[in-house]
file upload.tsv (TSV, C-alpha atoms and all ligand atoms)
chain	number	residue	atom	x	y	z
D	1	MET	CA	106.84	81.39	109.82
D	2	GLY	CA	104.37	84.27	109.33
D	3	ARG	CA	104.91	87.84	110.46
D	4	GLY	CA	102.09	87.63	113.06
D	5	ARG	CA	98.93	89.63	113.71
D	6	TYR	CA	99.82	91.33	116.97
D	7	PRO	CA	97.75	94.53	116.62
D	8	ALA	CA	94.60	92.45	115.96
D	9	ARG	CA	95.09	90.55	119.25
D	10	LEU	CA	95.44	93.64	121.41
D	11	HIS	CA	92.69	94.03	124.00
D	12	VAL	CA	92.38	97.79	124.26
D	13	SER	CA	89.59	100.35	124.15
D	14	PRO	CA	89.51	103.83	122.64
D	15	PRO	CA	90.92	106.37	125.09
D	16	PRO	CA	88.49	108.34	127.29
D	17	PRO	CA	87.81	111.90	125.98
D	18	ALA	CA	90.34	113.67	128.22
D	19	LEU	CA	93.19	111.37	127.16
D	20	ALA	CA	92.11	111.43	123.51
D	21	GLU	CA	92.14	115.22	123.59
D	22	ARG	CA	95.65	115.16	125.02
D	23	TYR	CA	97.28	112.40	122.97
D	24	PHE	CA	95.15	111.15	120.06
D	25	ARG	CA	93.99	112.44	116.68
D	26	SER	CA	92.18	110.57	113.92
D	27	TRP	CA	92.63	111.96	110.42
D	28	PRO	CA	90.43	109.98	108.00
D	29	ALA	CA	91.86	109.11	104.60
D	30	HIS	CA	89.02	110.59	102.54
D	31	ALA	CA	89.30	113.96	104.34
D	32	LEU	CA	93.11	113.97	104.10
D	33	TYR	CA	92.86	113.22	100.43
D	34	HIS	CA	90.11	115.70	99.49
D	35	THR	CA	90.55	118.56	102.00
D	36	PRO	CA	94.06	118.23	103.47
D	37	THR	CA	94.20	121.85	104.63
D	38	GLN	CA	91.51	121.19	107.26
D	39	PHE	CA	94.32	119.49	109.24
D	40	PRO	CA	97.13	121.43	110.93
D	41	PRO	CA	100.63	121.24	109.48
D	42	LEU	CA	102.62	118.33	110.90
D	43	SER	CA	105.14	120.45	112.75
D	44	ALA	CA	105.90	121.18	116.40
D	45	GLU	CA	104.30	124.60	115.95
D	46	GLY	CA	101.20	123.17	114.22
D	47	LEU	CA	100.59	120.33	116.69
D	48	PHE	CA	102.10	121.45	120.00
D	49	GLY	CA	102.17	125.25	119.57
D	50	ARG	CA	105.92	125.16	120.29
D	51	ASP	CA	109.08	125.87	118.40
D	52	ALA	CA	110.92	122.59	119.07
D	53	PRO	CA	112.64	119.81	117.14
D	54	LEU	CA	110.03	117.31	115.92
D	55	THR	CA	110.57	113.57	115.41
D	56	LEU	CA	108.00	111.63	113.42
D	57	GLU	CA	107.56	107.86	113.42
D	58	PHE	CA	105.78	106.29	110.45
D	59	GLY	CA	104.11	103.04	111.59
D	60	CYS	CA	104.63	103.51	115.34
D	61	ALA	CA	102.26	100.67	116.44
D	62	THR	CA	101.94	100.81	120.27
D	63	GLY	CA	104.35	103.74	120.54
D	64	GLU	CA	106.86	101.75	122.58
D	65	TYR	CA	109.87	103.18	120.82
D	66	LEU	CA	108.59	106.73	120.47
D	67	CYS	CA	107.54	106.98	124.14
D	68	ALA	CA	111.03	105.80	125.15
D	69	LEU	CA	112.53	108.58	122.98
D	70	ALA	CA	110.08	111.18	124.32
D	71	MET	CA	111.07	110.34	127.90
D	72	THR	CA	114.75	110.91	127.17
D	73	GLN	CA	114.21	114.21	125.29
D	74	PRO	CA	111.60	116.27	127.17
D	75	ALA	CA	112.41	119.47	125.25
D	76	ALA	CA	111.69	117.87	121.86
D	77	CYS	CA	108.32	116.87	120.37
D	78	PHE	CA	107.28	113.49	118.98
D	79	VAL	CA	104.46	112.34	116.71
D	80	GLY	CA	103.62	108.70	116.04
D	81	VAL	CA	101.48	107.76	113.04
D	82	ASP	CA	99.79	104.44	112.42
D	83	ILE	CA	97.15	103.31	109.95
D	84	VAL	CA	95.63	100.95	112.57
D	85	ALA	CA	93.86	102.52	115.54
D	86	LYS	CA	94.08	99.74	118.17
D	87	PRO	CA	97.84	99.86	118.75
D	88	LEU	CA	97.56	103.63	119.08
D	89	TYR	CA	95.08	103.21	121.94
D	90	ARG	CA	97.84	101.31	123.73
D	91	ALA	CA	100.31	104.05	122.75
D	92	VAL	CA	98.03	106.63	124.41
D	93	GLU	CA	97.89	104.53	127.62
D	94	ARG	CA	101.68	104.36	127.57
D	95	ALA	CA	102.11	108.12	127.10
D	96	ALA	CA	99.54	108.86	129.83
D	97	ALA	CA	101.16	106.42	132.28
D	98	ALA	CA	104.46	108.31	131.83
D	99	ASN	CA	102.63	111.68	131.94
D	100	LEU	CA	104.38	112.76	128.75
D	101	THR	CA	103.65	116.27	127.52
D	102	ASN	CA	105.65	116.11	124.29
D	103	ILE	CA	103.97	113.34	122.28
D	104	LEU	CA	100.89	112.86	120.10
D	105	PHE	CA	99.57	109.91	118.10
D	106	ILE	CA	97.76	110.26	114.78
D	107	HIS	CA	95.57	107.54	113.33
D	108	ALA	CA	96.15	108.09	109.62
D	109	ASP	CA	97.73	106.65	106.52
D	110	ALA	CA	101.28	108.01	106.60
D	111	ARG	CA	101.30	108.21	102.79
D	112	LEU	CA	98.61	110.91	102.94
D	113	LEU	CA	100.49	112.96	105.51
D	114	TYR	CA	103.64	113.71	103.54
D	115	GLN	CA	102.00	116.76	101.98
D	116	ARG	CA	101.13	118.19	105.44
D	117	ILE	CA	104.77	118.24	106.60
D	118	PRO	CA	106.41	121.65	106.08
D	119	ASP	CA	109.84	121.94	104.45
D	120	ALA	CA	112.87	121.73	106.78
D	121	SER	CA	110.74	121.06	109.86
D	122	LEU	CA	111.78	117.60	111.14
D	123	ALA	CA	114.74	116.62	113.31
D	124	ALA	CA	114.20	112.93	112.56
D	125	ILE	CA	111.97	110.38	110.90
D	126	ILE	CA	111.78	106.89	112.38
D	127	LEU	CA	110.93	104.06	110.01
D	128	HIS	CA	111.54	100.87	111.95
D	129	PHE	CA	110.25	97.54	110.68
D	130	PRO	CA	107.73	98.84	108.12
D	131	PRO	CA	105.62	96.06	106.58
D	132	PRO	CA	107.43	94.56	103.55
D	133	LEU	CA	104.32	94.40	101.25
D	134	LEU	CA	106.45	93.48	98.26
D	135	ARG	CA	103.83	91.59	96.25
D	136	ASN	CA	102.81	93.45	93.11
D	137	ARG	CA	99.29	94.31	94.24
D	138	GLN	CA	100.63	95.68	97.59
D	139	ARG	CA	103.50	97.73	96.20
D	140	ASN	CA	101.65	101.04	96.19
D	141	GLN	CA	101.11	100.64	99.96
D	142	LEU	CA	104.84	100.50	100.71
D	143	LEU	CA	106.26	103.06	103.12
D	144	VAL	CA	109.69	102.56	101.54
D	145	SER	CA	108.97	104.53	98.39
D	146	PRO	CA	110.14	107.46	96.25
D	147	HIS	CA	107.30	109.54	97.79
D	148	MET	CA	108.49	108.89	101.34
D	149	LEU	CA	112.12	109.66	100.42
D	150	ALA	CA	111.08	112.84	98.59
D	151	CYS	CA	109.25	113.84	101.77
D	152	ALA	CA	112.36	113.09	103.88
D	153	ALA	CA	114.62	115.05	101.50
D	154	ARG	CA	112.31	118.05	101.70
D	155	ALA	CA	111.06	117.94	105.31
D	156	LEU	CA	114.17	116.97	107.29
D	157	LEU	CA	116.27	119.81	108.63
D	158	PRO	CA	119.88	119.80	107.38
D	159	GLY	CA	121.64	117.40	109.75
D	160	GLY	CA	118.31	115.66	110.46
D	161	TYR	CA	118.06	111.97	109.70
D	162	LEU	CA	115.85	109.06	108.78
D	163	SER	CA	116.43	106.00	110.95
D	164	PHE	CA	115.60	102.84	108.99
D	165	LEU	CA	115.58	99.31	110.42
D	166	THR	CA	114.29	96.17	108.78
D	167	ASP	CA	114.57	92.41	109.10
D	168	HIS	CA	113.58	92.03	105.45
D	169	PRO	CA	116.50	91.80	102.97
D	170	ALA	CA	114.38	92.70	99.91
D	171	LEU	CA	113.04	95.82	101.65
D	172	PHE	CA	116.56	96.84	102.63
D	173	ALA	CA	117.67	96.33	99.01
D	174	LEU	CA	114.73	98.41	97.76
D	175	MET	CA	115.70	101.30	100.07
D	176	GLN	CA	119.28	101.16	98.77
D	177	GLU	CA	118.02	101.08	95.19
D	178	LEU	CA	115.83	104.18	95.68
D	179	LEU	CA	118.31	106.37	97.59
D	180	PRO	CA	120.63	107.47	94.73
D	181	ALA	CA	117.76	109.52	93.24
D	182	PHE	CA	117.93	111.76	96.36
D	183	PRO	CA	121.40	113.35	96.44
D	184	THR	CA	120.69	115.35	99.62
D	185	LEU	CA	120.12	112.09	101.52
D	186	ARG	CA	123.35	110.31	102.54
D	187	ALA	CA	122.98	106.81	103.91
D	188	GLN	CA	125.41	105.13	106.29
D	189	PRO	CA	124.95	101.50	107.31
D	190	ALA	CA	124.28	101.43	111.05
D	191	SER	CA	123.84	98.57	113.48
D	192	PRO	CA	120.50	98.24	115.29
D	193	ASP	CA	122.34	99.18	118.52
D	194	GLU	CA	123.54	102.44	116.99
D	195	LEU	CA	120.11	103.33	115.60
D	196	ALA	CA	117.74	102.25	118.35
D	197	ILE	CA	118.01	103.41	121.95
D	198	PHE	CA	115.56	100.66	122.85
D	199	GLU	CA	114.24	97.45	121.24
D	200	SER	CA	110.53	97.57	120.40
D	201	HIS	CA	108.20	94.55	120.43
D	202	TYR	CA	108.86	93.92	116.73
D	203	HIS	CA	112.60	94.44	117.13
D	204	ARG	CA	112.67	91.83	119.91
D	205	ARG	CA	110.39	89.51	117.97
D	206	TRP	CA	112.48	89.42	114.79
D	207	ALA	CA	115.75	89.24	116.74
D	208	ALA	CA	114.39	86.30	118.79
D	209	ARG	CA	113.57	84.49	115.54
D	210	GLY	CA	117.20	84.86	114.50
D	211	ARG	CA	116.50	87.29	111.64
D	212	ASN	CA	119.32	89.52	110.56
D	213	ILE	CA	118.33	93.13	111.26
D	214	SER	CA	119.79	95.77	108.94
D	215	GLY	CA	119.82	99.49	109.48
D	216	LEU	CA	120.62	102.74	107.71
D	217	ARG	CA	121.11	106.20	109.16
D	218	ILE	CA	120.07	108.42	106.26
D	219	GLU	CA	121.18	111.98	106.88
D	220	ARG	CA	119.84	115.06	105.13
D	221	VAL	CA	122.90	117.02	104.09
D	222	ALA	CA	122.93	120.76	103.43
D	223	VAL	CA	122.66	121.72	99.76
D	224	GLY	CA	125.60	123.33	97.96
S	1	LIG	C1	105.83	95.81	112.12
S	1	LIG	S1	105.04	97.22	112.79
S	1	LIG	C2	106.45	98.16	113.37
S	1	LIG	C3	106.10	98.99	114.58
S	1	LIG	C4	107.23	99.85	115.15
S	1	LIG	N1	107.76	100.78	114.17
S	1	LIG	C5	108.33	99.05	115.78
S	1	LIG	O1	109.50	99.26	115.42
S	1	LIG	O2	108.06	98.21	116.63
S	1	LIG	C6	104.57	98.14	111.32
S	1	LIG	C7	103.48	99.17	111.61
S	1	LIG	O3	103.30	100.00	110.44
S	1	LIG	C8	101.93	100.33	110.36
S	1	LIG	N2	101.63	100.79	108.98
S	1	LIG	C9	101.64	100.07	107.84
S	1	LIG	N3	101.33	100.84	106.77
S	1	LIG	C10	101.12	102.10	107.26
S	1	LIG	C11	100.76	103.34	106.66
S	1	LIG	N4	100.53	103.44	105.35
S	1	LIG	N5	100.63	104.41	107.46
S	1	LIG	C12	100.85	104.33	108.79
S	1	LIG	N6	101.17	103.16	109.42
S	1	LIG	C13	101.32	102.07	108.66
S	1	LIG	C14	101.23	99.03	110.75
S	1	LIG	O4	99.88	99.23	111.15
S	1	LIG	C15	102.11	98.55	111.91
S	1	LIG	O5	101.65	99.03	113.17

call {"tool": "encode", "arguments": {"input": "upload.tsv", "output": "structure tokens"}}
result
Amino acid sequence: MGRGRYPARLHVSPPPPALAERYFRSWPAHALYHTPTQFPPLSAEGLFGRDAPLTLEFGCATGEYLCALAMTQPAACFVGVDIVAKPLYRAVERAAAANLTNILFIHADARLLYQRIPDASLAAIILHFPPPLLRNRQRNQLLVSPHMLACAARALLPGGYLSFLTDHPALFALMQELLPAFPTLRAQPASPDELAIFESHYHRRWAARGRNISGLRIERVAVG
């Protein structure tokens, strides 16, 4: 059975200007690549003008999970990133319906954002159900990569963590294979219940199909 094309089937429109101003940014790949400094740093200070813990989700789709987190932690800030715009339009509707003031969605390729994240600035990174893309010609599009882990090792605060969930055994194995190169990242196997406060659309979808969901809580430990 295929993995589905849910974002393509969404019937949503771009947010009206007032909501876009409040919740949505679009950072085009060519500009991020050639002139990255035209974009603010991906930090609570840079994006919300606040000194607060920031959680970042790579591949947030419709923001279901991140909005649930943002509701439970009003003093913290949350940024969801997705390479496809349509699900983010739904994410904006969700944030607006809950009148959230601590969340923002960025339409961008996460792989081009790593360089805009300051050192020791993130409380958490959420990487739940990233696309497996394990065929040779897709491998450089993977979010599970040495670049992403180098970003996590550098950008997470000591004690901060990367929450990783996947239904794909080969992707889980790849994450485990890459981690030893990053000694400040310590991974503990964690059940989906321990890692996720709430089951997203994809979480429910893969669980309903009987797939085994594996998780890691990858903590950034203090050096020395
Ligand atoms: C299977 S969905 C998972 C959504 C969500 N994390 C969840 O748990 O329900 C994977 C998402 O990753 C996004 N994605 C894939 N590659 C990306 C990239 N390079 N940058 C940002 N988002 C990406 C896809 O567009 C898709 O919305």

call {"tool": "residues_near_ligand", "arguments": {"input": "upload.tsv", "ligand": "ligand LIG 1 (chain S)", "cutoff": "8 Å", "atoms": "only C-alpha atoms and all ligand atoms", "output": "PyMOL selection string"}}
result
chain D and resi 7+57-65+81-84+87+107-111+126-131+141-143+165+199-203

call {"tool": "closest_residue", "arguments": {"input": "upload.tsv", "among": "D:Arg22, D:His30, D:Arg135, D:His147", "to": "Leu100 (chain D)", "atoms": "all atoms listed in the file"}}
result
D:Arg22

call {"tool": "residues_near_point", "arguments": {"input": "upload.tsv", "point": "(101.3, 119.3, 104.7)", "cutoff": "10 Å", "atoms": "all atoms listed in the file", "output": "ChimeraX atom specification"}}
result
/D:32,36-37,39-43,112-119,155

call {"tool": "closest_residue", "arguments": {"input": "upload.tsv", "among": "D:Thr72, D:Ser13, D:Asn140, D:Thr55", "to": "Ser163 (chain D)", "atoms": "all atoms listed in the file"}}
result
D:Thr55

call {"tool": "atom_distance", "arguments": {"input": "upload.tsv", "atom1": "CA of Ala20 (chain D)", "atom2": "CA of Leu162 (chain D)"}}
result
28.0 Å

call {"tool": "residues_around", "arguments": {"input": "upload.tsv", "residues": "Pro180 (chain D)", "least_positions_apart": "4", "cutoff": "12 Å", "atoms": "only C-alpha atoms", "output": "list in words"}}
result
Pro146, Leu149, Ala150, Ala153, Leu174, Met175, Gln176, Thr184, Leu185, Arg186, Ala187 and Ile218 of chain D

call {"tool": "closest_atom_pairs", "arguments": {"input": "upload.tsv", "of": "region 144-211 of chain D", "to": "region 122-125 of chain D", "cutoff": "10 Å", "atoms": "all atoms listed in the file", "output": "JSON lines"}}
result
{"residue": "D:Ala152", "atom": "CA", "partner": "D:Ile125", "partner_atom": "CA", "distance": 7.5}
{"residue": "D:Arg154", "atom": "CA", "partner": "D:Leu122", "partner_atom": "CA", "distance": 9.5}
{"residue": "D:Ala155", "atom": "CA", "partner": "D:Leu122", "partner_atom": "CA", "distance": 5.9}
{"residue": "D:Leu156", "atom": "CA", "partner": "D:Leu122", "partner_atom": "CA", "distance": 4.6}
{"residue": "D:Leu157", "atom": "CA", "partner": "D:Leu122", "partner_atom": "CA", "distance": 5.6}
{"residue": "D:Pro158", "atom": "CA", "partner": "D:Ala123", "partner_atom": "CA", "distance": 8.5}
{"residue": "D:Gly159", "atom": "CA", "partner": "D:Ala123", "partner_atom": "CA", "distance": 7.8}
{"residue": "D:Gly160", "atom": "CA", "partner": "D:Ala123", "partner_atom": "CA", "distance": 4.7}
{"residue": "D:Tyr161", "atom": "CA", "partner": "D:Ala124", "partner_atom": "CA", "distance": 4.9}
{"residue": "D:Leu162", "atom": "CA", "partner": "D:Ile125", "partner_atom": "CA", "distance": 4.6}
{"residue": "D:Ser163", "atom": "CA", "partner": "D:Ile125", "partner_atom": "CA", "distance": 6.3}
{"residue": "D:Phe164", "atom": "CA", "partner": "D:Ile125", "partner_atom": "CA", "distance": 8.6}

call {"tool": "residues_around", "arguments": {"input": "upload.tsv", "residues": "Ala173 (chain D)", "least_positions_apart": "4", "cutoff": "12 Å", "atoms": "only C-alpha atoms", "output": "PyMOL selection string"}}
result
chain D and resi 132+134+144-145+165-169+177-179+214-216

call {"tool": "atom_distance", "arguments": {"input": "upload.tsv", "atom1": "CA of Ala52 (chain D)", "atom2": "CA of Phe105 (chain D)"}}
result
17.0 Å

call {"tool": "atom_distance", "arguments": {"input": "upload.tsv", "atom1": "CA of Phe78 (chain D)", "atom2": "CA of Arg50 (chain D)"}}
result
11.8 Å

call {"tool": "residues_around", "arguments": {"input": "upload.tsv", "residues": "Tyr89 (chain D)", "least_positions_apart": "6", "cutoff": "7 Å", "atoms": "all atoms listed in the file", "output": "ChimeraX atom specification"}}
result
/D:12-15

call {"tool": "axis_aligned_box", "arguments": {"input": "upload.tsv", "around": "region 86-101 of chain D", "padding_each_side": "4 Å", "output": "JSON"}}
result
{"center_x": 99.3, "center_y": 108.0, "center_z": 125.2, "size_x": 18.4, "size_y": 24.5, "size_z": 22.1}

call {"tool": "closest_residue", "arguments": {"input": "upload.tsv", "among": "D:Ser191, D:Ser121, D:Asn136, D:Thr101", "to": "Leu19 (chain D)", "atoms": "all atoms listed in the file"}}
result
D:Thr101

call {"tool": "residues_around", "arguments": {"input": "upload.tsv", "residues": "Asn102 (chain D)", "least_positions_apart": "4", "cutoff": "9 Å", "atoms": "all atoms listed in the file", "output": "MDAnalysis selection string"}}
result
chainID D and resid 48 70:71 73:79

call {"tool": "write_last_selection", "arguments": {"input": "upload.tsv", "atoms": "C-alpha atoms", "output": "tab-separated table (two decimals), in the coordinates of the input"}}
result
chain	number	residue	atom	x	y	z
D	48	PHE	CA	102.10	121.45	120.00
D	70	ALA	CA	110.08	111.18	124.32
D	71	MET	CA	111.07	110.34	127.90
D	73	GLN	CA	114.21	114.21	125.29
D	74	PRO	CA	111.60	116.27	127.17
D	75	ALA	CA	112.41	119.47	125.25
D	76	ALA	CA	111.69	117.87	121.86
D	77	CYS	CA	108.32	116.87	120.37
D	78	PHE	CA	107.28	113.49	118.98
D	79	VAL	CA	104.46	112.34	116.71

call {"tool": "closest_residue", "arguments": {"input": "upload.tsv", "among": "D:Ala196, D:Leu47, D:Leu88, D:Ile103", "to": "Arg217 (chain D)", "atoms": "only C-alpha atoms"}}
result
D:Ala196

call {"tool": "build_atoms", "arguments": {"input": "upload.tsv", "residues": "region 15-45 of chain D", "atoms": "N, CA and C atoms", "output": "CSV table (one decimal), keeping the file's coordinate frame"}}
result
chain,number,residue,atom,x,y,z
D,15,PRO,N,90.6,105.6,123.9
D,15,PRO,CA,90.9,106.4,125.1
D,15,PRO,C,89.7,107.2,125.5
D,16,PRO,N,89.5,107.4,126.8
D,16,PRO,CA,88.5,108.3,127.3
D,16,PRO,C,88.7,109.8,126.7
D,17,PRO,N,87.7,110.6,126.7
D,17,PRO,CA,87.8,111.9,126.0
D,17,PRO,C,89.0,112.8,126.5
D,18,ALA,N,89.3,112.8,127.8
D,18,ALA,CA,90.3,113.7,128.2
D,18,ALA,C,91.7,113.2,127.7
D,19,LEU,N,91.9,111.9,127.7
D,19,LEU,CA,93.2,111.4,127.2
D,19,LEU,C,93.3,111.5,125.6
D,20,ALA,N,92.1,111.3,125.0
D,20,ALA,CA,92.1,111.4,123.5
D,20,ALA,C,92.5,112.9,123.1
D,21,GLU,N,91.9,113.8,123.9
D,21,GLU,CA,92.1,115.2,123.6
D,21,GLU,C,93.6,115.5,123.7
D,22,ARG,N,94.2,114.9,124.7
D,22,ARG,CA,95.6,115.2,125.0
D,22,ARG,C,96.6,114.5,124.1
D,23,TYR,N,96.3,113.2,123.7
D,23,TYR,CA,97.3,112.4,123.0
D,23,TYR,C,96.9,111.8,121.6
D,24,PHE,N,95.6,111.9,121.2
D,24,PHE,CA,95.2,111.2,120.1
D,24,PHE,C,94.4,112.0,119.0
D,25,ARG,N,94.7,111.8,117.8
D,25,ARG,CA,94.0,112.4,116.7
D,25,ARG,C,93.7,111.4,115.7
D,26,SER,N,92.5,111.5,115.0
D,26,SER,CA,92.2,110.6,113.9
D,26,SER,C,91.9,111.4,112.7
D,27,TRP,N,92.7,111.2,111.7
D,27,TRP,CA,92.6,112.0,110.4
D,27,TRP,C,92.2,111.0,109.3
D,28,PRO,N,90.9,111.0,109.0
D,28,PRO,CA,90.4,110.0,108.0
D,28,PRO,C,91.0,110.2,106.6
D,29,ALA,N,91.2,109.1,105.9
D,29,ALA,CA,91.9,109.1,104.6
D,29,ALA,C,91.1,110.0,103.6
D,30,HIS,N,89.8,109.8,103.6
D,30,HIS,CA,89.0,110.6,102.5
D,30,HIS,C,89.2,112.1,102.8
D,31,ALA,N,89.2,112.5,104.0
D,31,ALA,CA,89.3,114.0,104.3
D,31,ALA,C,90.7,114.4,104.0
D,32,LEU,N,91.7,113.6,104.4
D,32,LEU,CA,93.1,114.0,104.1
D,32,LEU,C,93.3,114.1,102.6
D,33,TYR,N,92.7,113.2,101.9
D,33,TYR,CA,92.9,113.2,100.4
D,33,TYR,C,92.2,114.4,99.8
D,34,HIS,N,90.9,114.7,100.2
D,34,HIS,CA,90.1,115.7,99.5
D,34,HIS,C,90.3,117.1,100.1
D,35,THR,N,90.4,117.2,101.4
D,35,THR,CA,90.6,118.6,102.0
D,35,THR,C,91.7,118.6,103.0
D,36,PRO,N,92.9,118.4,102.5
D,36,PRO,CA,94.1,118.2,103.5
D,36,PRO,C,94.3,119.5,104.4
D,37,THR,N,93.9,120.6,103.9
D,37,THR,CA,94.2,121.8,104.6
D,37,THR,C,93.3,122.0,105.8
D,38,GLN,N,92.3,121.1,106.0
D,38,GLN,CA,91.5,121.2,107.3
D,38,GLN,C,92.3,120.7,108.5
D,39,PHE,N,93.5,120.0,108.2
D,39,PHE,CA,94.3,119.5,109.2
D,39,PHE,C,95.5,120.4,109.5
D,40,PRO,N,96.0,120.5,110.7
D,40,PRO,CA,97.1,121.4,110.9
D,40,PRO,C,98.4,120.9,110.3
D,41,PRO,N,99.4,121.7,110.0
D,41,PRO,CA,100.6,121.2,109.5
D,41,PRO,C,101.3,120.3,110.5
D,42,LEU,N,101.9,119.3,110.0
D,42,LEU,CA,102.6,118.3,110.9
D,42,LEU,C,104.0,118.9,111.3
D,43,SER,N,103.9,119.8,112.3
D,43,SER,CA,105.1,120.4,112.8
D,43,SER,C,104.9,120.7,114.2
D,44,ALA,N,106.0,121.0,115.0
D,44,ALA,CA,105.9,121.2,116.4
D,44,ALA,C,105.0,122.4,116.7
D,45,GLU,N,105.1,123.4,115.8
D,45,GLU,CA,104.3,124.6,116.0
D,45,GLU,C,102.8,124.2,115.7
